[in-house]
Each structure stands twice: as C-alpha cells, then as structure tokens.
Amino acid sequence: MSELMDLPVPPVAVVVLVAALWGAVTGALLPRAVYRFAVPTGEEWRARCPEGHPLRGWLGPARCAPCAPRAEGAPRGGGKGTAGRAYGAGPAVPAAVTALVCAALAAATGTRPEAGVWLLLVPVGVLLAVVDFRVQRLPDPLTLPFAAAALALLGLVTLVPEHAGEWTTALLGALALGAGYFVLFLINPGGMGFGDVKLALGAGAVLGWYGWPTVMLGTFAGFLFGALYGGALVVARRAGRRTAIPFGPFLIAGAFAGLLIGAYTA
C-alpha cells in the first residue's frame, strides 16, 4: 500500500481533475444567466423573476429568495439564509456537461498552455448552446466577446513556450468560417441566423489554432450533428423538413469535437 501511495501522480491527471472541478463549478453558475438571456428575439434580457422581483447579477442559481414560501407571520423574503424558490432549471445538467467537456479537452490538451484558454471558453459555449436551444437566439453580448476573447487569449498563449498552435491560422480560421456562414446566411436567411455568423467567428478561431484540417473537421461535425438532430425530429414526426431548428448548439458541439481531435493530434 505504501508503495502505491509513493507513485507519482501524472501531471495530465491533475490537469483533468482540476478541469473537471472548474467545469462543475462554472457550469453550476449558469442557470441564472440562461434564464436572463433566454428570451425571444427583440425582447430585453430578463431583469426580474416570474413574480416580478429584481434579479441581481448574471451568475448563480436560478432561485429567488423573495419568492420563498413564508410561514404565517414570517418576514417577506423567507427569512435570512433561505435558498428561495426556483424560477429556472437547476444546476445539475449544465454543471455535468461543462465538467465533462472541460475534462475531455484537458485530457486531449494535457499541460500545454492553450488548455487554459479552452477552460475559460467552454462555460460560455455551453451557455450559448443552452440559450439557442431554448429560444433560437444567440446573444450578441456573448457571441462577439467569445470571438474576441478567443483570439486575444490565444495571442497571449503564443508568448508561452510549448504551445501547439498558430495564432495566424486562428485569425484566418475565424475570418474564413465567419465568411462561410455569412454566405449561407445570405443564401438562406430563414435557415441560418446572423447570430450563427457571429458565433462562427469564435468557432473558427479555436479550430484554426490547430490548423485547417481541424477547421474543416469541426465545421463538418457541426453540420453532421445538426442534420442528425433534424432527421431524428422528422422521423419522430416532431418536425417537418422546413422546420427551423437552432443551429448554434451543433456549431458549438462540432467546434468542441474538432478541437478535441485537433488537440490530440497536435
């Protein structure tokens, strides 16, 4: 037993563990942001719970303390320390998904410095996917900063030894994928939203870090995932061939898939 305890822990295992914990914590903070951002196009972001109480901040559980059930004679707000009443989804699913994606990317990237960039971007990607899946909207306050942050952070990574990508290709990948989605938007604006075009900038940046084969792989994976989902809905008779589906989640899933393979092969 003592000999087993003396065995060194592989650095990658530590990175994966830390990444999973980071993903679980950040994913658990997403429900409030999901509730506030998940509104139809043209409407303002939610600032109040369903009962009309003001919401404070963007991160945290989707619970409202003033909505908590009160015992007769108890002060409004449910009393000090009350968790409040839930007004949105719980944290379990986003925490599990974010932790899984972070752990997988950390395992693929190892101790290379770009792993930190992926861990910072994953929670935003999960948030975007959930919001788009719910209301078919990709908020500008998330998509454009996502692309800018990806390029800025990857630019800093180039100053650190042992990185495995190229910032120039990341920039060109962002421009190429954004331009490609913009053409699709012009051809079929009913099937491709302009939010997808903005999101493609960030997806192209992270995929381009590992080169053009990764860009093509991630792009193909996104369309494949979207086609499989749409086909499944048609088979289940829950949608027709012309039914619009949110494409953002599949664009993001394809980017994560391409990034995962690109990191392994880098």
# chains A, B, ... in the order shown; residues from 1 in each chain; ligands from 1
>>> closest_atom_pairs(of="stretch 6-45 of chain A", to="stretch 128-147 of chain A", cutoff="7 Å", atoms="only C-alpha atoms", output="tab-separated table")
residue	atom	partner	partner_atom	distance
A:Val34	CA	A:Val131	CA	5.9
A:Phe37	CA	A:Val131	CA	6.6
A:Ala38	CA	A:Val131	CA	5.1
A:Val39	CA	A:Val135	CA	6.3
A:Pro40	CA	A:Val135	CA	5.8
A:Thr41	CA	A:Arg137	CA	6.4
>>> select_by_dssp(residues="stretch 89-259 of chain A", states="alpha helix (DSSP H)", output="number ranges by chain")
A: 92-109, 114-135, 140-157, 167-187, 194-208, 212-235, 248-259
>>> residues_around(residues="stretch 202-204 of chain A", least_positions_apart="5", cutoff="8 Å", atoms="only C-alpha atoms", output="PDB file with N, CA and C atoms, in the first residue's frame")
ATOM      1  N   THR A 143     -21.668  36.216 -28.137  1.00  0.00           N
ATOM      2  CA  THR A 143     -21.002  35.711 -29.333  1.00  0.00           C
ATOM      3  C   THR A 143     -19.777  36.541 -29.724  1.00  0.00           C
ATOM      4  N   LEU A 144     -19.935  37.860 -29.768  1.00  0.00           N
ATOM      5  CA  LEU A 144     -18.816  38.700 -30.192  1.00  0.00           C
ATOM      6  C   LEU A 144     -17.676  38.714 -29.175  1.00  0.00           C
ATOM      7  N   PHE A 146     -16.981  36.322 -27.207  1.00  0.00           N
ATOM      8  CA  PHE A 146     -16.414  34.976 -27.295  1.00  0.00           C
ATOM      9  C   PHE A 146     -15.316  34.927 -28.351  1.00  0.00           C
ATOM     10  N   ALA A 147     -15.604  35.491 -29.537  1.00  0.00           N
ATOM     11  CA  ALA A 147     -14.610  35.501 -30.606  1.00  0.00           C
ATOM     12  C   ALA A 147     -13.414  36.374 -30.240  1.00  0.00           C
ATOM     13  N   ALA A 148     -13.685  37.551 -29.693  1.00  0.00           N
ATOM     14  CA  ALA A 148     -12.594  38.456 -29.323  1.00  0.00           C
ATOM     15  C   ALA A 148     -11.721  37.848 -28.235  1.00  0.00           C
ATOM     16  N   ALA A 150     -11.319  34.661 -27.554  1.00  0.00           N
ATOM     17  CA  ALA A 150     -10.564  33.528 -28.089  1.00  0.00           C
ATOM     18  C   ALA A 150      -9.287  33.995 -28.777  1.00  0.00           C
ATOM     19  N   LEU A 151      -9.404  35.007 -29.629  1.00  0.00           N
ATOM     20  CA  LEU A 151      -8.227  35.498 -30.347  1.00  0.00           C
ATOM     21  C   LEU A 151      -7.241  36.182 -29.406  1.00  0.00           C
ATOM     22  N   ALA A 170      -5.447  30.806 -36.489  1.00  0.00           N
ATOM     23  CA  ALA A 170      -6.660  31.035 -35.704  1.00  0.00           C
ATOM     24  C   ALA A 170      -7.413  32.250 -36.232  1.00  0.00           C
ATOM     25  N   LEU A 171      -6.684  33.330 -36.519  1.00  0.00           N
ATOM     26  CA  LEU A 171      -7.314  34.533 -37.062  1.00  0.00           C
ATOM     27  C   LEU A 171      -7.925  34.262 -38.434  1.00  0.00           C
ATOM     28  N   LEU A 172      -7.171  33.590 -39.293  1.00  0.00           N
ATOM     29  CA  LEU A 172      -7.691  33.284 -40.630  1.00  0.00           C
ATOM     30  C   LEU A 172      -8.865  32.317 -40.557  1.00  0.00           C
ATOM     31  N   GLY A 173      -8.811  31.379 -39.603  1.00  0.00           N
ATOM     32  CA  GLY A 173      -9.923  30.450 -39.433  1.00  0.00           C
ATOM     33  C   GLY A 173     -11.186  31.170 -39.016  1.00  0.00           C
ATOM     34  N   ALA A 174     -11.049  32.154 -38.124  1.00  0.00           N
ATOM     35  CA  ALA A 174     -12.210  32.949 -37.701  1.00  0.00           C
ATOM     36  C   ALA A 174     -12.811  33.691 -38.889  1.00  0.00           C
ATOM     37  N   LEU A 175     -11.956  34.324 -39.695  1.00  0.00           N
ATOM     38  CA  LEU A 175     -12.453  35.071 -40.851  1.00  0.00           C
ATOM     39  C   LEU A 175     -13.073  34.147 -41.894  1.00  0.00           C
ATOM     40  N   ALA A 176     -12.438  33.007 -42.129  1.00  0.00           N
ATOM     41  CA  ALA A 176     -12.935  32.081 -43.149  1.00  0.00           C
ATOM     42  C   ALA A 176     -14.272  31.476 -42.752  1.00  0.00           C
ATOM     43  N   LEU A 177     -14.372  31.002 -41.512  1.00  0.00           N
ATOM     44  CA  LEU A 177     -15.623  30.371 -41.095  1.00  0.00           C
ATOM     45  C   LEU A 177     -16.734  31.406 -40.979  1.00  0.00           C
ATOM     46  N   GLY A 178     -16.394  32.593 -40.466  1.00  0.00           N
ATOM     47  CA  GLY A 178     -17.395  33.651 -40.409  1.00  0.00           C
ATOM     48  C   GLY A 178     -17.894  34.027 -41.799  1.00  0.00           C
ATOM     49  N   VAL A 215     -10.213  22.926 -38.720  1.00  0.00           N
ATOM     50  CA  VAL A 215     -11.326  23.806 -39.100  1.00  0.00           C
ATOM     51  C   VAL A 215     -12.343  23.024 -39.924  1.00  0.00           C
ATOM     52  N   LEU A 251     -23.211  23.871 -33.988  1.00  0.00           N
ATOM     53  CA  LEU A 251     -21.981  24.564 -34.360  1.00  0.00           C
ATOM     54  C   LEU A 251     -20.969  24.463 -33.221  1.00  0.00           C
ATOM     55  N   ILE A 252     -21.446  24.671 -32.000  1.00  0.00           N
ATOM     56  CA  ILE A 252     -20.569  24.600 -30.825  1.00  0.00           C
ATOM     57  C   ILE A 252     -20.104  23.172 -30.584  1.00  0.00           C
ATOM     58  N   ALA A 255     -17.489  22.348 -33.034  1.00  0.00           N
ATOM     59  CA  ALA A 255     -16.228  23.011 -32.697  1.00  0.00           C
ATOM     60  C   ALA A 255     -15.511  22.281 -31.572  1.00  0.00           C
TER      61      ALA A 255
END
>>> residues_around(residues="A:Ala244", least_positions_apart="2", cutoff="8 Å", atoms="only C-alpha atoms", output="ChimeraX atom specification")
/A:190-191,242,246
>>> select_by_dssp(residues="stretch 47-263 of chain A", states="strand (DSSP E)", output="list in words")
Arg63, Cys64, Arg85 and Ala86 of chain A
>>> write_last_selection(atoms="all heavy atoms", output="short mmCIF file (atom, residue, chain, number, x, y, z; two decimals), in the first residue's frame")
data_model
loop_
_atom_site.label_atom_id
_atom_site.label_comp_id
_atom_site.auth_asym_id
_atom_site.auth_seq_id
_atom_site.Cartn_x
_atom_site.Cartn_y
_atom_site.Cartn_z
N ARG A 63 -32.75 30.94 -8.53
CA ARG A 63 -33.64 30.91 -7.38
C ARG A 63 -33.85 32.33 -6.88
O ARG A 63 -32.95 33.16 -6.94
CB ARG A 63 -33.08 30.04 -6.25
CG ARG A 63 -32.73 28.62 -6.67
CD ARG A 63 -32.34 27.77 -5.48
NE ARG A 63 -33.51 27.46 -4.67
CZ ARG A 63 -34.31 26.42 -4.89
NH1 ARG A 63 -34.08 25.59 -5.88
NH2 ARG A 63 -35.36 26.20 -4.11
N CYS A 64 -35.06 32.60 -6.38
CA CYS A 64 -35.41 33.94 -5.92
C CYS A 64 -35.81 33.87 -4.45
O CYS A 64 -36.82 33.23 -4.10
CB CYS A 64 -36.56 34.50 -6.75
SG CYS A 64 -37.11 36.14 -6.23
N ARG A 85 -37.14 30.29 -4.04
CA ARG A 85 -37.90 29.43 -4.93
C ARG A 85 -37.25 29.42 -6.31
O ARG A 85 -36.85 30.45 -6.83
CB ARG A 85 -39.34 29.92 -5.03
CG ARG A 85 -40.22 29.09 -5.97
CD ARG A 85 -41.62 29.63 -5.99
NE ARG A 85 -42.23 29.52 -4.67
CZ ARG A 85 -43.40 30.08 -4.35
NH1 ARG A 85 -44.05 30.80 -5.24
NH2 ARG A 85 -43.91 29.93 -3.13
N ALA A 86 -37.16 28.25 -6.92
CA ALA A 86 -36.55 28.12 -8.24
C ALA A 86 -37.45 28.74 -9.30
O ALA A 86 -38.66 28.57 -9.28
CB ALA A 86 -36.31 26.66 -8.55
#
>>> atom_distance(atom1="atom CA of A:Ala108", atom2="atom CA of A:Ile261")
7.6 Å
>>> atom_distance(atom1="atom CA of A:Met216", atom2="atom CA of A:Thr265")
14.6 Å
